[in-house]
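A.B. asks: Got a structure for you, written out below as structure tokens; questions coming shortly.
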Amino acid sequence: MRDPLPWCMCVRMCASTAFKREFVWDAGKPRSISEYVIRAFWVTHSGSRSIFLSSQTVAAHFAHRDWLGLAREIMAAMPPVWSELFTQATKMKGTHLKTLMQDQARNDSMFVKAVGGMVLDYCREKVDQETMGKLFALAEKTGVEEKKKKMFSGVKINETEGRPALHVALRAPREAKIEVDGANVVTDVWKVLDGIKDFSEKVRSGEWKGFTGKPLTDVLCIGIGGSYLGVEFVFEALKTDPEAAAAATGRRLRFLANVDPIDVKRALDGLSAETTLVLVVSKTFTTAETMLNAKTVKAWLIKELGDPACVAKHVAACSTALDKTAAFGIDSNNVFGFWDWVGGRFSCWSAVGALPLSLQYGFPVMEKFLKGAHEMDNHFFSAPAAENLPLIMGLLSVWNCSVLGYEGLAVLPYCQALVRFVPRTSSSWTWRATASA
Ligand SMILES: O=P(O)(O)OC[C@H]1O[C@](O)(CO)[C@@H](O)[C@@H]1O
């Protein structure tokens, strides 16, 4: 069955996960494939159980293929805060961007200064001040402020997994307090960071030696997806930062993510096992690609150095699965943990990023990176809506995707240092504004 227009509308509305729990129809038996799909989207994205349209109403429209009628029902049953946005969309679609850009007061209001010299200029978005007012009202009505507070205080807002989403704890200052099940997780975060500082300083200074007594100057980082893309992005971005560049003198950091043997060959090309430290980065320590690469490189180390005992000196790990890292032969002192409340896409601020980046650029540079992220967390937490950069970006995403129905997004970094920004971003972009926006 071809997707009719209202079908898309339903999906779009369901996709607005930050503003979910608004709609859902009652749970009767789906009567058509499309209804099934809509309901599946609805349940997946909303997690809500309240009633929006009755299944009889929906079924009646489906039976007659009356998609316009269904669209009207949906619009009529929508909370006003949403229907006003759809009405606004009709107006904005008929307004050319050139016309919008002629209003200097509008443009000025869309130039937002955040923290750390970061600015957001969104005047080229298809919005006027009235639209933004409606979007801010949407954020207010759907309890974004409330949800934000829950996120920052360790409430288990990750409903599907029954966990908090606490990447903000990863970059919280040592003295901060965020409790999960009665324990302050910031204490645990800093215990790991202190361990990383100690280990990376030993390796960088040459105090930590390889199996044959040589200092370890090269690091090969094995991981995939969330356990790779963020770290590589930051590694590339810092390459030309003067302080980071100076700290990296004489050191190399490489990545191995693909299971293609050519990638293995390229990653090992020119490396000497005697001076190489291998980091296996995997939250679960079960990911097939990472495990295959880890085994391949472990075999290379043993072959080159002639003794399985070399693993203890040449392999470290970032993982939550301590039993599995031990079974792999990694010394437990060289395993840097993180927690189930760290999502893969946000793990760059955990040991996943902190260990390789500290080895390459030194812990002080890594600490600055964490402080910068913390500043942005504070900004998101406390800035008023109209000056709140992450909130505005999230709302614009809802507007473009869920209301205007745009299907593409161009991310164009104009700076070579951001060369790995797009892969990192596309891996973590949900195409929907989420509570983390
Ligand atoms: O860190 P792990 O457990 O090896 O998982 C890696 C996988 O998890 C994700 O980070 C998130 O699902 C993927 O991007 C990646 O393929």
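Order determines the names: the first chain of the structure tokens is A, the second B, and so forth; residues in each chain are numbered 1 upward, and ligands are numbered 1 upward as they are shown.
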Distance limit 6 Å, reference ligand 1, atoms considered: only C-alpha atoms and all ligand atoms. Which residues make the cut? Give them as number ranges by chain.
C.D. replies: A: 224-227, 282-285, 287, 344-345
A.B. asks: Which residues are close to Ile222 (chain A), i.e. within 8 Å by only C-alpha atoms, leaving aside same-chain residues fewer than 3 positions away? Reply as JSON, numbers by chain.
C.D. replies: {"A": [228, 255, 256, 257, 278, 279, 280, 281, 290, 293, 294]}
A.B. asks: List every residue of region 24-209 of chain A that DSSP, applied to the backbone, labels as strand (DSSP E or B), and write the result as a list in words.
C.D. replies: Phe111, Val112, Lys113, Val119, Leu120, Asp121, Asn158, Arg163, Glu179, Val180, Ala183, Asn184 and Lys209 of chain A
A.B. asks: Tell me, in Å to one decimal, how far CA of Val335 (chain A) is from CA of Ala317 (chain A).
C.D. replies: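 Computing it gives 4.7 Å between the two atoms.
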A.B. asks: Leaving out Lys126 (chain A) and any residue of its chain fewer than 2 positions from it, which residues lie within 10 Å of it when counting only C-alpha atoms, given as a count of residues only?
C.D. replies: 17
A.B. asks: Excluding Leu391 (chain A) and any residue of its chain fewer than 2 positions from it, enumerate the residues within 12 Å of it, using only C-alpha atoms, and give them as a PyMOL selection string.
C.D. replies: chain A and resi 18+112+114+120+132+135-136+138-140+144-145+148+376-377+379-389+393-398+433-437
A.B. asks: Residues at most 7 Å from Thr217 (chain A), counting only C-alpha atoms, excluding those fewer than 3 positions away in the same chain, as a list in words?
C.D. replies: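 Result of the neighbour search: Arg251, Arg252, Thr275 and Thr276 of chain A.
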A.B. asks: When you look at region 359-375 of chain A with a cut-off of 7 Å (counting only C-alpha atoms), what residues show up, excluding the ones that are within fewer than 6 positions of it in the same chain? I need them as a JSON list (two decimals) with N, CA, C and O atoms, in the first residue's frame.
C.D. replies:
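The result, written out as around.json:
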[["chain", "number", "residue", "atom", "x", "y", "z"],
["A", 115, "VAL", "N", 27.67, 30.36, 25.13],
["A", 115, "VAL", "CA", 28.84, 30.42, 26.02],
["A", 115, "VAL", "C", 30.09, 30.08, 25.22],
["A", 115, "VAL", "O", 30.01, 29.54, 24.12],
["A", 171, "ARG", "N", 30.82, 15.24, 32.57],
["A", 171, "ARG", "CA", 31.63, 16.46, 32.52],
["A", 171, "ARG", "C", 31.29, 17.40, 33.67],
["A", 171, "ARG", "O", 31.57, 18.59, 33.62],
["A", 172, "ALA", "N", 30.66, 16.86, 34.70],
["A", 172, "ALA", "CA", 30.35, 17.68, 35.88],
["A", 172, "ALA", "C", 31.63, 17.88, 36.69],
["A", 172, "ALA", "O", 32.49, 17.00, 36.73],
["A", 197, "LYS", "N", 44.08, 9.85, 34.16],
["A", 197, "LYS", "CA", 45.16, 10.85, 34.26],
["A", 197, "LYS", "C", 46.47, 10.15, 34.64],
["A", 197, "LYS", "O", 47.51, 10.32, 34.00],
["A", 200, "SER", "N", 47.65, 7.73, 31.76],
["A", 200, "SER", "CA", 48.11, 8.43, 30.55],
["A", 200, "SER", "C", 49.42, 9.17, 30.81],
["A", 200, "SER", "O", 50.29, 9.24, 29.95],
["A", 204, "ARG", "N", 52.74, 8.54, 28.72],
["A", 204, "ARG", "CA", 53.33, 9.68, 27.99],
["A", 204, "ARG", "C", 54.75, 10.00, 28.47],
["A", 204, "ARG", "O", 55.60, 10.39, 27.68],
["A", 244, "ALA", "N", 47.17, 21.56, 22.16],
["A", 244, "ALA", "CA", 47.04, 20.11, 21.92],
["A", 244, "ALA", "C", 48.13, 19.62, 20.98],
["A", 244, "ALA", "O", 48.75, 18.57, 21.21],
["A", 247, "ALA", "N", 51.37, 19.24, 22.75],
["A", 247, "ALA", "CA", 51.36, 18.09, 23.66],
["A", 247, "ALA", "C", 51.43, 16.76, 22.91],
["A", 247, "ALA", "O", 51.79, 15.73, 23.50],
["A", 248, "ALA", "N", 51.10, 16.78, 21.64],
["A", 248, "ALA", "CA", 51.07, 15.53, 20.86],
["A", 248, "ALA", "C", 52.39, 15.24, 20.16],
["A", 248, "ALA", "O", 52.52, 14.21, 19.49],
["A", 251, "ARG", "N", 53.95, 11.73, 19.20],
["A", 251, "ARG", "CA", 52.98, 10.67, 19.49],
["A", 251, "ARG", "C", 52.04, 10.48, 18.31],
["A", 251, "ARG", "O", 51.78, 11.41, 17.54],
["A", 252, "ARG", "N", 51.51, 9.26, 18.17],
["A", 252, "ARG", "CA", 50.53, 8.99, 17.11],
["A", 252, "ARG", "C", 49.31, 8.30, 17.71],
["A", 252, "ARG", "O", 49.43, 7.45, 18.58],
["A", 253, "LEU", "N", 48.14, 8.71, 17.21],
["A", 253, "LEU", "CA", 46.89, 8.04, 17.60],
["A", 253, "LEU", "C", 46.20, 7.60, 16.32],
["A", 253, "LEU", "O", 45.98, 8.41, 15.42],
["A", 349, "TRP", "N", 32.66, 11.64, 26.15],
["A", 349, "TRP", "CA", 33.06, 12.36, 27.38],
["A", 349, "TRP", "C", 33.37, 11.38, 28.51],
["A", 349, "TRP", "O", 33.75, 11.79, 29.59]]
A.B. asks: At a cut-off of 10 Å, using only C-alpha atoms, what residues contact Val185 (chain A)? Leave out same-chain residues fewer than 3 positions from it and give the result as a list in words.
C.D. replies: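 Neighbouring residues, sequence-local ones excluded: Gly154, Leu166, Ala169, Leu170, Ala172, Ala176, Lys177, Ile178, Glu179, Val180, Asp181, Gly182, Asp188, Val189, Trp190, Lys191 and Trp339 of chain A.
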A.B. asks: One decimal, in Å: what's the spacing between CA of His167 (chain A) and CA of Phe346 (chain A)?
C.D. replies: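 According to the coordinates, CA of His167 (chain A) and CA of Phe346 (chain A) are separated by 6.2 Å.
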A.B. asks: What separation in Å, quoted to one decimal, exists between CA of Gln56 (chain A) and CA of Met78 (chain A)?
C.D. replies: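 A separation of 17.5 Å between them.
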A.B. asks: Could you tell me, as a ChimeraX atom specification, which residues of region 328-372 of chain A DSSP assigns to helix (DSSP H, G or I) when given the backbone?
C.D. replies: /A:332-334,344-349,351-361,363-372
A.B. asks: Would you please work out which residue, of A:Ile392, A:Thr57, A:Ala267, A:Phe211, is nearest to Val127 (chain A) when using only C-alpha atoms?
C.D. replies: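 Going through A:Ile392, A:Thr57, A:Ala267, A:Phe211 one by one, the smallest distance to Val127 (chain A) is for A:Ile392.
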A.B. asks: Which one of A:Leu229, A:Val155, A:Leu70, A:Leu193 sits closest to Ser427 (chain A) if you count only C-alpha atoms?
C.D. replies: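 When distances to Ser427 (chain A) are compared using only C-alpha atoms, the smallest one comes from A:Leu229.
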A.B. asks: Can you work out which one of A:Ala71, A:Val259, A:Ala327, A:Cys221 has the shortest atom-to-atom distance to Leu277 (chain A), counting only C-alpha atoms?
C.D. replies: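 Among the listed residues, the smallest separation from Leu277 (chain A) belongs to A:Cys221.
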A.B. asks: Between A:Ala354, A:Ala105, A:Ala316, A:Leu271, which one has atoms that come closest to Gly230 (chain A), using only C-alpha atoms?
C.D. replies: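 Smallest separation from Gly230 (chain A) among the options: A:Ala354.
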A.B. asks: Could you tell me which of A:Ala183, A:Ala60, A:Val119, A:Ala417 comes closest to Pro390 (chain A) if we count only C-alpha atoms?
C.D. replies: A:Val119
